[in-house]
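Shown below: structure34.pdb, with PDB, C-alpha atoms and all ligand atoms.
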```
MODEL        1
ATOM      1  CA  MET A 143       0.000   0.000   0.000
ATOM      2  CA  LEU A 144       2.805   2.347   0.888
ATOM      3  CA  GLU A 145       4.442   1.541  -2.407
ATOM      4  CA  GLN A 146       1.374   2.546  -4.346
ATOM      5  CA  ALA A 147       1.080   5.786  -2.409
ATOM      6  CA  LEU A 148       4.734   6.593  -3.048
ATOM      7  CA  GLU A 149       4.291   5.885  -6.744
ATOM      8  CA  GLU A 150       1.335   8.224  -7.001
ATOM      9  CA  ILE A 151       3.192  10.919  -5.083
ATOM     10  CA  GLU A 152       6.229  10.586  -7.308
ATOM     11  CA  ALA A 153       4.023  10.773 -10.406
ATOM     12  CA  ALA A 154       2.293  14.018  -9.345
ATOM     13  CA  ALA A 155       3.518  16.498 -11.924
ATOM     14  CA  ASP A 156       2.434  19.687 -10.214
ATOM     15  CA  GLU A 157       1.131  21.016  -6.931
ATOM     16  CA  ARG A 158      -2.497  20.476  -7.930
ATOM     17  CA  ALA A 159      -1.955  16.819  -8.784
ATOM     18  CA  LEU A 160      -0.103  16.360  -5.515
ATOM     19  CA  GLN A 161      -3.013  17.825  -3.607
ATOM     20  CA  GLN A 162      -5.328  15.288  -5.225
ATOM     21  CA  VAL A 163      -3.060  12.477  -4.109
ATOM     22  CA  ARG A 164      -3.029  13.896  -0.595
ATOM     23  CA  VAL A 165      -6.823  13.937  -0.475
ATOM     24  CA  ALA A 166      -7.060  10.423  -1.927
ATOM     25  CA  TRP A 167      -4.902   9.040   0.879
ATOM     26  CA  LEU A 168      -5.185  11.295   3.869
ATOM     27  CA  GLY A 169      -8.426  13.178   3.181
ATOM     28  CA  ARG A 170     -11.621  12.666   5.137
ATOM     29  CA  LYS A 171     -12.557   9.816   2.829
ATOM     30  CA  GLY A 172      -8.976   8.875   2.005
ATOM     31  CA  ARG A 173      -7.687   5.370   2.071
ATOM     32  CA  VAL A 174      -5.623   5.775   5.226
ATOM     33  CA  THR A 175      -8.478   7.515   7.009
ATOM     34  CA  GLU A 176     -10.838   4.689   6.055
ATOM     35  CA  GLN A 177      -8.435   2.211   7.556
ATOM     36  CA  LEU A 178      -8.220   4.161  10.779
ATOM     37  CA  LYS A 179     -12.010   4.172  10.947
ATOM     38  CA  GLY A 180     -11.976   0.401  10.550
ATOM     39  CA  LEU A 181      -9.846  -0.044  13.688
ATOM     40  CA  GLY A 182     -12.877   0.152  15.934
ATOM     41  CA  ALA A 183     -14.080  -3.225  14.644
ATOM     42  CA  LEU A 184     -10.904  -5.011  15.732
ATOM     43  CA  ALA A 185     -10.043  -6.775  19.003
ATOM     44  CA  PRO A 186      -7.950  -4.609  21.373
ATOM     45  CA  ASP A 187      -4.520  -6.233  20.836
ATOM     46  CA  GLU A 188      -5.043  -6.501  17.058
ATOM     47  CA  ARG A 189      -6.096  -2.911  17.120
ATOM     48  CA  ARG A 190      -2.846  -1.729  18.735
ATOM     49  CA  GLU A 191      -0.724  -3.498  16.178
ATOM     50  CA  ALA A 192      -2.831  -2.459  13.194
ATOM     51  CA  GLY A 193      -3.027   1.091  14.571
ATOM     52  CA  ALA A 194       0.727   1.299  14.836
ATOM     53  CA  SER A 195       1.246   0.123  11.270
ATOM     54  CA  ILE A 196      -1.433   2.450   9.861
ATOM     55  CA  ASN A 197       0.139   5.340  11.702
ATOM     56  CA  ALA A 198       3.549   4.360  10.320
ATOM     57  CA  LEU A 199       1.999   4.265   6.839
ATOM     58  CA  LYS A 200       0.396   7.652   7.412
ATOM     59  CA  SER A 201       3.583   9.361   8.504
ATOM     60  CA  ALA A 202       5.559   7.781   5.648
ATOM     61  CA  ILE A 203       2.988   9.198   3.219
ATOM     62  CA  GLN A 204       3.138  12.588   4.936
ATOM     63  CA  ASP A 205       6.930  12.626   4.633
ATOM     64  CA  ALA A 206       6.779  11.682   0.971
ATOM     65  CA  LEU A 207       4.137  14.359   0.299
ATOM     66  CA  ALA A 208       6.288  16.991   1.992
ATOM     67  CA  ARG A 209       9.375  15.962   0.054
ATOM     68  CA  ARG A 210       7.529  15.996  -3.263
ATOM     69  CA  GLU A 211       6.039  19.357  -2.423
ATOM     70  CA  ARG A 212       9.499  20.793  -1.872
ATOM     71  CA  GLU A 213      10.709  19.307  -5.130
ATOM     72  CA  LEU A 214       7.840  20.805  -7.089
ATOM     73  CA  GLU A 215       8.351  24.181  -5.427
ATOM     74  CA  GLU A 216      12.038  24.196  -6.264
ATOM     75  CA  ALA A 217      11.313  23.194  -9.847
ATOM     76  CA  ARG A 218       8.808  26.021 -10.121
ATOM     77  CA  VAL A 219      11.307  28.611  -8.828
ATOM     78  CA  ARG A 220      14.044  27.279 -11.103
ATOM     79  CA  GLU A 221      11.732  27.449 -14.088
ATOM     80  CA  GLN A 222      10.705  31.013 -13.192
ATOM     81  CA  LEU A 223      14.297  32.163 -12.819
ATOM     82  CA  GLU A 224      15.082  30.648 -16.189
ATOM     83  CA  ARG A 225      12.095  32.358 -17.785
ATOM     84  CA  GLU A 226      12.910  35.774 -16.288
ATOM     85  CA  ARG A 227      16.606  35.625 -16.990
ATOM     86  CA  VAL A 228      18.131  39.001 -18.035
ATOM     87  CA  ASP A 229      20.929  39.049 -20.561
ATOM     88  CA  VAL A 230      23.034  41.901 -19.231
ATOM     89  CA  SER A 231      25.250  41.782 -22.294
ATOM     90  CA  LEU A 232      22.437  42.913 -24.627
ATOM     91  CA  PRO A 233      22.730  46.536 -25.777
ATOM     92  CA  GLY A 234      20.418  48.757 -23.695
ATOM     93  CA  LEU A 235      17.867  51.320 -24.776
ATOM     94  CA  ARG A 236      19.442  54.751 -24.583
ATOM     95  CA  PRO A 237      16.937  57.267 -23.152
ATOM     96  CA  ALA A 238      16.803  60.495 -25.137
ATOM     97  CA  ALA A 239      18.075  63.081 -22.649
ATOM     98  CA  GLY A 240      17.935  66.809 -23.285
ATOM     99  CA  ALA A 241      20.628  69.305 -22.377
ATOM    100  CA  HIS A 242      20.856  72.933 -21.429
ATOM    101  CA  HIS A 243      21.329  75.470 -24.196
ATOM    102  CA  LEU A 244      24.816  76.959 -24.340
ATOM    103  CA  LEU A 245      23.558  80.342 -23.118
ATOM    104  CA  THR A 246      21.726  78.738 -20.211
ATOM    105  CA  GLN A 247      24.906  76.934 -19.256
ATOM    106  CA  VAL A 248      26.894  80.182 -19.379
ATOM    107  CA  MET A 249      24.217  81.926 -17.323
ATOM    108  CA  HIS A 250      24.283  79.163 -14.693
ATOM    109  CA  LYS A 251      28.056  79.274 -14.547
ATOM    110  CA  LEU A 252      27.998  83.027 -13.965
ATOM    111  CA  THR A 253      25.285  82.978 -11.330
ATOM    112  CA  ASP A 254      27.158  80.149  -9.556
ATOM    113  CA  VAL A 255      30.275  82.311  -9.464
ATOM    114  CA  PHE A 256      28.378  85.280  -8.031
ATOM    115  CA  ARG A 257      26.516  83.186  -5.505
ATOM    116  CA  SER A 258      29.862  81.888  -4.279
ATOM    117  CA  LEU A 259      30.976  85.533  -3.899
ATOM    118  CA  GLY A 260      27.960  86.253  -1.685
ATOM    119  CA  TYR A 261      25.627  87.836  -4.239
ATOM    120  CA  GLU A 262      21.891  87.229  -4.373
ATOM    121  CA  VAL A 263      20.484  86.340  -7.816
ATOM    122  CA  VAL A 264      17.295  88.241  -8.729
ATOM    123  CA  VAL A 265      15.311  88.685 -11.918
ATOM    124  CA  GLY A 266      12.991  91.406 -13.193
ATOM    125  CA  PRO A 267      10.347  92.009 -15.859
ATOM    126  CA  GLU A 268      11.197  92.154 -19.565
ATOM    127  CA  LEU A 269       8.315  94.505 -20.276
ATOM    128  CA  GLU A 270       9.329  97.762 -18.605
ATOM    129  CA  ASP A 271       8.357 101.424 -18.495
ATOM    130  CA  ASP A 272      10.244 104.606 -19.268
ATOM    131  CA  GLU A 273      10.728 105.416 -15.592
ATOM    132  CA  HIS A 274      12.639 102.227 -14.773
ATOM    133  CA  ASN A 275      14.511 101.779 -18.043
ATOM    134  CA  PHE A 276      15.479 105.457 -18.404
ATOM    135  CA  GLY A 277      14.029 108.100 -16.038
ATOM    136  CA  ALA A 278      15.247 106.816 -12.677
ATOM    137  CA  LEU A 279      18.536 105.807 -14.321
ATOM    138  CA  ASN A 280      19.290 109.476 -15.015
ATOM    139  CA  PHE A 281      18.416 109.511 -18.719
ATOM    140  CA  PRO A 282      16.629 112.883 -18.928
ATOM    141  CA  PRO A 283      13.758 113.159 -21.442
ATOM    142  CA  GLU A 284      15.057 113.889 -24.932
ATOM    143  CA  HIS A 285      18.642 113.166 -23.823
ATOM    144  CA  PRO A 286      20.770 111.802 -26.698
ATOM    145  CA  ALA A 287      21.952 108.923 -24.479
ATOM    146  CA  ARG A 288      18.554 107.371 -25.107
ATOM    147  CA  ASP A 289      19.463 107.015 -28.762
ATOM    148  CA  THR A 290      22.211 104.543 -27.843
ATOM    149  CA  GLN A 291      19.490 102.136 -26.692
ATOM    150  CA  ASP A 292      17.444 101.456 -29.813
ATOM    151  CA  THR A 293      14.199 100.835 -28.060
ATOM    152  CA  PHE A 294      11.191  98.674 -28.936
ATOM    153  CA  TRP A 295       8.148 100.616 -27.720
ATOM    154  CA  THR A 296       4.750  99.062 -27.217
ATOM    155  CA  THR A 297       1.606 100.824 -28.427
ATOM    156  CA  ASP A 298       0.634 101.664 -24.826
ATOM    157  CA  GLY A 299       3.895 103.573 -24.233
ATOM    158  CA  ARG A 300       5.798 100.843 -22.430
ATOM    159  CA  LEU A 301       8.961  99.215 -23.757
ATOM    160  CA  LEU A 302      10.995  96.025 -23.886
ATOM    161  CA  ARG A 303      13.863  96.655 -21.495
ATOM    162  CA  THR A 304      17.024  97.609 -23.356
ATOM    163  CA  HIS A 305      19.284  96.508 -20.491
ATOM    164  CA  THR A 306      19.057  94.796 -17.101
ATOM    165  CA  SER A 307      19.800  98.084 -15.282
ATOM    166  CA  PRO A 308      16.088  98.869 -14.624
ATOM    167  CA  MET A 309      16.263  96.081 -12.046
ATOM    168  CA  GLN A 310      18.746  98.270 -10.126
ATOM    169  CA  VAL A 311      15.896 100.725  -9.579
ATOM    170  CA  ARG A 312      13.318  98.059  -8.732
ATOM    171  CA  TYR A 313      15.640  96.311  -6.292
ATOM    172  CA  MET A 314      16.767  99.493  -4.526
ATOM    173  CA  ARG A 315      13.188 100.707  -4.140
ATOM    174  CA  SER A 316      12.156  97.449  -2.463
ATOM    175  CA  HIS A 317      15.256  96.755  -0.310
ATOM    176  CA  ARG A 318      17.541  98.549   2.112
ATOM    177  CA  PRO A 319      21.344  98.497   1.750
ATOM    178  CA  PRO A 320      23.791  96.899   2.259
ATOM    179  CA  PHE A 321      23.352  94.261  -0.473
ATOM    180  CA  ARG A 322      25.006  92.560  -3.391
ATOM    181  CA  VAL A 323      22.825  91.340  -6.237
ATOM    182  CA  VAL A 324      23.187  90.093  -9.790
ATOM    183  CA  VAL A 325      20.423  90.174 -12.385
ATOM    184  CA  PRO A 326      20.631  87.821 -15.353
ATOM    185  CA  GLY A 327      18.060  88.312 -18.082
ATOM    186  CA  LYS A 328      16.872  88.924 -21.603
ATOM    187  CA  VAL A 329      17.120  92.391 -23.129
ATOM    188  CA  PHE A 330      15.941  93.834 -26.435
ATOM    189  CA  ARG A 331      17.246  96.367 -28.925
ATOM    190  CA  ASN A 332      15.854  97.404 -32.246
ATOM    191  CA  GLU A 333      18.975  96.587 -34.238
ATOM    192  CA  ALA A 334      19.690  95.421 -37.766
ATOM    193  CA  VAL A 335      20.420  91.721 -37.254
ATOM    194  CA  ASP A 336      23.752  90.369 -38.465
ATOM    195  CA  ALA A 337      26.383  87.855 -37.348
ATOM    196  CA  THR A 338      27.165  89.814 -34.181
ATOM    197  CA  HIS A 339      23.860  91.627 -33.504
ATOM    198  CA  GLU A 340      20.510  90.215 -32.477
ATOM    199  CA  ALA A 341      17.354  92.125 -31.508
ATOM    200  CA  GLN A 342      17.238  89.964 -28.399
ATOM    201  CA  PHE A 343      20.169  89.043 -26.210
ATOM    202  CA  HIS A 344      21.112  88.485 -22.568
ATOM    203  CA  GLN A 345      22.897  90.542 -19.963
ATOM    204  CA  LEU A 346      24.109  90.037 -16.466
ATOM    205  CA  GLU A 347      23.952  93.052 -14.153
ATOM    206  CA  ALA A 348      25.669  93.398 -10.794
ATOM    207  CA  LEU A 349      24.823  95.974  -8.133
ATOM    208  CA  VAL A 350      26.573  96.465  -4.785
ATOM    209  CA  VAL A 351      25.529  99.164  -2.315
ATOM    210  CA  ASP A 352      26.948  99.849   1.145
ATOM    211  CA  GLU A 353      28.326 102.733   3.185
ATOM    212  CA  HIS A 354      31.862 102.861   1.836
ATOM    213  CA  VAL A 355      31.891 101.028  -1.471
ATOM    214  CA  THR A 356      34.687 102.270  -3.732
ATOM    215  CA  MET A 357      35.805 101.889  -7.300
ATOM    216  CA  ALA A 358      38.581  99.591  -6.025
ATOM    217  CA  ASP A 359      35.845  97.266  -4.710
ATOM    218  CA  MET A 360      34.251  97.310  -8.145
ATOM    219  CA  ARG A 361      37.496  96.437  -9.808
ATOM    220  CA  GLY A 362      38.070  93.670  -7.282
ATOM    221  CA  ALA A 363      34.607  92.238  -7.937
ATOM    222  CA  ILE A 364      35.119  92.238 -11.707
ATOM    223  CA  GLU A 365      38.511  90.639 -11.296
ATOM    224  CA  ALA A 366      37.185  87.989  -8.899
ATOM    225  CA  MET A 367      34.561  87.110 -11.486
ATOM    226  CA  ALA A 368      37.190  86.964 -14.244
ATOM    227  CA  VAL A 369      39.479  84.731 -12.202
ATOM    228  CA  ALA A 370      36.603  82.433 -11.235
ATOM    229  CA  LEU A 371      35.623  82.135 -14.896
ATOM    230  CA  PHE A 372      38.953  82.058 -16.668
ATOM    231  CA  GLY A 373      41.454  81.019 -14.049
ATOM    232  CA  PRO A 374      44.258  82.620 -12.045
ATOM    233  CA  GLY A 375      46.361  85.202 -13.857
ATOM    234  CA  THR A 376      43.293  86.768 -15.475
ATOM    235  CA  ARG A 377      43.492  90.564 -15.214
ATOM    236  CA  THR A 378      41.079  93.402 -15.913
ATOM    237  CA  ARG A 379      41.313  96.846 -17.480
ATOM    238  CA  LEU A 380      38.994  99.856 -17.189
ATOM    239  CA  HIS A 381      38.544 102.537 -19.849
ATOM    240  CA  PRO A 382      36.637 105.721 -19.084
ATOM    241  CA  THR A 383      33.302 106.019 -20.847
ATOM    242  CA  PHE A 384      29.835 107.465 -20.326
ATOM    243  CA  PHE A 385      26.641 105.908 -18.998
ATOM    244  CA  PRO A 386      24.066 108.301 -17.489
ATOM    245  CA  PHE A 387      23.505 106.129 -14.395
ATOM    246  CA  VAL A 388      27.156 105.896 -13.262
ATOM    247  CA  GLU A 389      29.875 108.413 -12.438
ATOM    248  CA  PRO A 390      32.657 107.741 -13.072
ATOM    249  CA  GLY A 391      31.770 105.231 -15.764
ATOM    250  CA  ALA A 392      34.006 102.771 -17.550
ATOM    251  CA  GLU A 393      34.181  99.909 -19.979
ATOM    252  CA  PHE A 394      35.907  96.855 -18.658
ATOM    253  CA  ALA A 395      37.991  94.280 -20.447
ATOM    254  CA  ILE A 396      39.500  91.001 -19.348
ATOM    255  CA  TRP A 397      43.040  89.910 -20.165
ATOM    256  CA  TRP A 398      42.779  86.219 -20.846
ATOM    257  CA  THR A 399      44.167  83.371 -22.849
ATOM    258  CA  HIS A 400      41.824  82.711 -25.742
ATOM    259  CA  PRO A 401      40.738  79.084 -25.332
ATOM    260  CA  LYS A 402      40.765  78.432 -29.108
ATOM    261  CA  THR A 403      43.800  80.337 -30.376
ATOM    262  CA  GLY A 404      45.832  80.109 -27.172
ATOM    263  CA  ARG A 405      46.688  83.797 -27.642
ATOM    264  CA  GLU A 406      46.637  86.234 -24.743
ATOM    265  CA  GLU A 407      44.461  89.244 -25.467
ATOM    266  CA  TRP A 408      41.915  91.741 -24.139
ATOM    267  CA  LEU A 409      38.261  90.790 -24.220
ATOM    268  CA  GLU A 410      35.997  93.849 -24.001
ATOM    269  CA  LEU A 411      33.090  92.677 -21.889
ATOM    270  CA  GLY A 412      30.793  95.468 -20.712
ATOM    271  CA  GLY A 413      30.109  98.668 -18.821
ATOM    272  CA  CYS A 414      30.579  99.567 -15.186
ATOM    273  CA  GLY A 415      30.837 102.476 -12.788
ATOM    274  CA  MET A 416      29.901 104.036  -9.465
ATOM    275  CA  VAL A 417      26.161 104.481  -9.014
ATOM    276  CA  HIS A 418      25.284 108.077  -9.963
ATOM    277  CA  PRO A 419      23.962 110.290  -7.118
ATOM    278  CA  ASN A 420      20.872 111.033  -9.217
ATOM    279  CA  VAL A 421      20.037 107.330  -9.238
ATOM    280  CA  PHE A 422      20.340 107.146  -5.438
ATOM    281  CA  ARG A 423      18.169 110.254  -5.248
ATOM    282  CA  ALA A 424      15.551 108.639  -7.493
ATOM    283  CA  VAL A 425      15.298 105.599  -5.203
ATOM    284  CA  GLY A 426      15.516 107.619  -1.955
ATOM    285  CA  TYR A 427      18.928 106.404  -0.749
ATOM    286  CA  GLU A 428      21.245 108.632   1.303
ATOM    287  CA  GLY A 429      24.692 108.150   2.825
ATOM    288  CA  VAL A 430      25.673 105.164   0.706
ATOM    289  CA  THR A 431      27.839 104.485  -2.315
ATOM    290  CA  GLY A 432      27.716 101.649  -4.770
ATOM    291  CA  PHE A 433      28.906 100.197  -8.014
ATOM    292  CA  ALA A 434      27.231  98.470 -10.916
ATOM    293  CA  PHE A 435      28.391  96.577 -13.941
ATOM    294  CA  GLY A 436      26.692  94.799 -16.786
ATOM    295  CA  PHE A 437      27.690  92.805 -19.814
ATOM    296  CA  GLY A 438      26.317  90.714 -22.643
ATOM    297  CA  LEU A 439      26.333  86.936 -22.333
ATOM    298  CA  GLU A 440      26.180  86.144 -26.038
ATOM    299  CA  ARG A 441      29.480  87.799 -26.779
ATOM    300  CA  MET A 442      31.174  86.052 -23.899
ATOM    301  CA  ALA A 443      29.697  82.689 -24.925
ATOM    302  CA  MET A 444      30.622  83.180 -28.574
ATOM    303  CA  VAL A 445      34.225  84.128 -27.929
ATOM    304  CA  THR A 446      34.697  81.433 -25.309
ATOM    305  CA  TYR A 447      33.145  78.584 -27.261
ATOM    306  CA  GLY A 448      33.961  79.622 -30.815
ATOM    307  CA  VAL A 449      30.497  80.473 -32.119
ATOM    308  CA  SER A 450      31.015  82.863 -35.036
ATOM    309  CA  ASP A 451      27.395  83.765 -35.810
ATOM    310  CA  ILE A 452      25.111  84.940 -32.996
ATOM    311  CA  ARG A 453      22.090  83.757 -34.978
ATOM    312  CA  ASP A 454      23.242  80.148 -34.479
ATOM    313  CA  LEU A 455      22.387  80.591 -30.805
ATOM    314  CA  TYR A 456      18.735  81.213 -31.661
ATOM    315  CA  ARG A 457      18.055  78.998 -34.660
ATOM    316  CA  GLY A 458      17.452  75.969 -32.462
ATOM    317  CA  ASP A 459      19.398  73.715 -34.832
ATOM    318  CA  VAL A 460      20.250  70.696 -32.693
ATOM    319  CA  ARG A 461      23.293  69.901 -34.835
ATOM    320  CA  VAL A 462      24.792  73.178 -33.626
ATOM    321  CA  LEU A 463      23.485  72.949 -30.062
ATOM    322  CA  ARG A 464      24.670  69.354 -29.573
ATOM    323  CA  GLN A 465      28.255  70.504 -29.969
ATOM    324  CA  PHE A 466      27.860  72.519 -26.788
ATOM    325  CA  ARG A 467      26.275  69.878 -24.618
ATOM    326  CA  GLY A 468      27.728  70.197 -21.131
ATOM    327  CA  VAL A 469      30.627  72.513 -22.021
ATOM    328  CA  ALA A 470      30.234  75.288 -19.478
TER     329      ALA A 470
HETATM  330  N1  LIG A 501      23.325  98.872 -18.826
HETATM  331  C1  LIG A 501      24.524  99.158 -19.586
HETATM  332  C2  LIG A 501      24.305  98.686 -21.026
HETATM  333  O1  LIG A 501      23.453  97.910 -21.283
HETATM  334  C3  LIG A 501      25.727  98.472 -19.013
HETATM  335  C4  LIG A 501      26.082  98.984 -17.660
HETATM  336  C5  LIG A 501      25.582  98.370 -16.527
HETATM  337  C6  LIG A 501      26.927 100.064 -17.492
HETATM  338  C7  LIG A 501      25.914  98.840 -15.284
HETATM  339  C8  LIG A 501      27.279 100.546 -16.246
HETATM  340  C9  LIG A 501      26.763  99.917 -15.155
HETATM  341  O2  LIG A 501      25.013  99.116 -21.906
ENDMDL
END
```
As a first step, turn the structure in this file into structure tokens.
Ligand code: PHE
Amino acid sequence: MLEQALEEIEAAADERALQQVRVAWLGRKGRVTEQLKGLGALAPDERREAGASINALKSAIQDALARRERELEEARVREQLERERVDVSLPGLRPAAGAHHLLTQVMHKLTDVFRSLGYEVVVGPELEDDEHNFGALNFPPEHPARDTQDTFWTTDGRLLRTHTSPMQVRYMRSHRPPFRVVVPGKVFRNEAVDATHEAQFHQLEALVVDEHVTMADMRGAIEAMAVALFGPGTRTRLHPTFFPFVEPGAEFAIWWTHPKTGREEWLELGGCGMVHPNVFRAVGYEGVTGFAFGFGLERMAMVTYGVSDIRDLYRGDVRVLRQFRGVA
């Protein structure tokens, strides 16, 4: 009898079949159970002997069932592992990842530098009014200095900001000195577009105001930026020039090693100067001094990364843009 049970157990091909065998032998109407029920009809000493052998049969069947169950379980796991096997040597699917535009990278690099120098990064509106873009920055009405900023006017008398300097006025009117801020952003000029001029470009403006800020501080700030960007040994040069909102005013240039040609030369970057007293008057500041500087990002990006036509920065041609993935 045991032999037959073992045969059936061995032949069970899966867990369901094994369960059927279990029921057939050990279930309520199973063959072993029936035998146990039959014990009552036997004489006491026969009963003990028969009982012992039925119990031995029962536990042998239980052991065999348990063993077979383990076997089937292991086979199932093995089969599943085989089925779900991953071939790590197959070529993967490369996800299409985007990248920051060259100008965005340059902007991030600059704002990182200024943050590390303790400046706050703030931004302002691109649609401005005469007061912020000109009036409070000491451009009197009808003054010829306005002509240097070929302005896009809107039909309701507002304008697209021609520089980031209007944010000087907005920031000073809403904060108290001392502070150090930089303002990156888009600016607009009504220019004939060619390889080095676009009607839309980007500037970065810096403004520092405190009780005893001097021109030497300004020079130090510009030089610290230059060194952070282009490495030790980078120097700066100031040339006197005129902007209505600074006095004295200057253009600044950076003495650097051109990354493409390897030549050392001056790179004219932008304008700077000490905040004009009329500007402080316009924002209601007294007893402080300050400096400001501002420059165009496109020019810096083009010279640094060898882009010869500014329009390539705005065409959105990925063949061009891909070349500048992760450079800055
Ligand atoms: N806003 C000036 C320009 O766009 C640059 C500048 C900024 C000059 C700050 C002096 C101080 O030409």
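With only C-alpha atoms and all ligand atoms as the atoms that count, the residue of A:Leu168, A:Leu463, A:Ile364, A:Ala348 with the shortest distance to ligand LIG 501 (chain A) is A:Ala348.
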Can you list, as a ChimeraX atom specification, the residues that the PyMOL selection byres (((not hetatm)) within 10 of (chain A and resi 501)) selects here?
/A:275,279,290-291,303-308,310,329-331,344-349,383-394,411-418,433-438
Sort by chain and increasing residue number a table of all residues of region 169-255 of chain A within 9 Å of region 441-453 of chain A, each with its closest pair of atoms and their distance in Å to one decimal, counting only C-alpha atoms, and write it as CSV.
```
residue,atom,partner,partner_atom,distance
A:Leu244,CA,A:Ala443,CA,7.5
A:Leu245,CA,A:Ala443,CA,6.8
A:Val248,CA,A:Ala443,CA,6.7
```
Writing out the chosen residues with C-alpha atoms as a tab-separated table (two decimals), in the frame of the given file:
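The resulting selection_17.tsv:
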```
chain	number	residue	atom	x	y	z
A	244	LEU	CA	24.82	76.96	-24.34
A	245	LEU	CA	23.56	80.34	-23.12
A	248	VAL	CA	26.89	80.18	-19.38
```
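Evaluated on this file, the PyMOL selection byres (((chain A and resi 262-266) around 6) and not hetatm) matches A:Tyr261, A:Pro267, A:Met309, A:Val323, A:Val324, A:Val325.
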Would you save the residues of that selection, restricted to C-alpha atoms, as a PDB file, keeping the file's coordinate frame?
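Below is the file that was written, again25.pdb:
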```
ATOM      1  CA  TYR A 261      25.627  87.836  -4.239  1.00  0.00           C
ATOM      2  CA  PRO A 267      10.347  92.009 -15.859  1.00  0.00           C
ATOM      3  CA  MET A 309      16.263  96.081 -12.046  1.00  0.00           C
ATOM      4  CA  VAL A 323      22.825  91.340  -6.237  1.00  0.00           C
ATOM      5  CA  VAL A 324      23.187  90.093  -9.790  1.00  0.00           C
ATOM      6  CA  VAL A 325      20.423  90.174 -12.385  1.00  0.00           C
TER       7      VAL A 325
END
```
Take the PyMOL selection byres (((chain A and resi 211) around 10) and not hetatm), apply it to the structure above, and return the hits as a VMD selection string.
chain A and resid 151 154 156 to 157 160 to 161 205 to 210 212 to 217
In the coordinates of the file, take the point (6.5, 103.4, -19.7) and a cut-off of 9 Å; then, counting all atoms listed in the file, name each qualifying protein, DNA or RNA residue as a VMD selection string.
chain A and resid 270 to 275 295 to 296 298 to 301
Just to confirm, what's the straight-line distance from CA of Asp359 (chain A) to CA of Tyr427 (chain A) in Å (one decimal)?
19.6 Å
How many Å separate CA of Ala368 (chain A) from CA of Asp336 (chain A)?
27.9 Å
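Between Ala241 (chain A) and the candidates A:Ala337, A:Ala198, A:Val460, A:Val255, the tightest atom-to-atom separation, counting only C-alpha atoms, involves A:Val460.
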Write out as a PyMOL selection string the residues lying within 6 Å of Thr378 (chain A), counting all atoms listed in the file and excluding same-chain residues fewer than 6 positions away.
chain A and resi 365+395-397
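Coordinates place CA of Thr431 (chain A) at a distance of 5.8 Å from CA of Val351 (chain A).
Using all atoms listed in the file, the shortest contact distance between Ala278 (chain A) and any of A:Leu302, A:Val311, A:Val228, A:Met367 is found at A:Val311.
Among the candidate residues A:Leu371, A:Ala341, A:Leu455, A:Met314, the one lying nearest to Thr253 (chain A) is A:Leu371, with distances computed using all atoms listed in the file.
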Surrounding residues of Leu148 (chain A) excluding itself and chain neighbours under 4 positions, 8 Å, all atoms listed in the file, as a CSV table (one decimal) with C-alpha atoms, keeping the file's coordinate frame:
```
chain,number,residue,atom,x,y,z
A,144,LEU,CA,2.8,2.3,0.9
A,152,GLU,CA,6.2,10.6,-7.3
A,203,ILE,CA,3.0,9.2,3.2
A,206,ALA,CA,6.8,11.7,1.0
```
Which of A:Glu176, A:Asp352, A:Asp454, A:Asp254 sits closest to Ala370 (chain A) [using all atoms listed in the file]
A:Asp254
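The smallest atom-to-atom distance between Phe422 (chain A) and any of A:Arg315, A:Arg379, A:His242, A:Arg461, using all atoms listed in the file, is found for A:Arg315.
Residues surrounding His243 (chain A) within 12 Å are Gln247, Val248, Met249, His250, Glu440, Ala443, Asp454, Leu455, Tyr456, Arg457, Gly458, Asp459, Val460, Val462, Leu463, Arg464, Gln465, Phe466, Arg467, Gly468, Val469 and Ala470 of chain A [only C-alpha atoms; sequence separation below 4 positions excluded].
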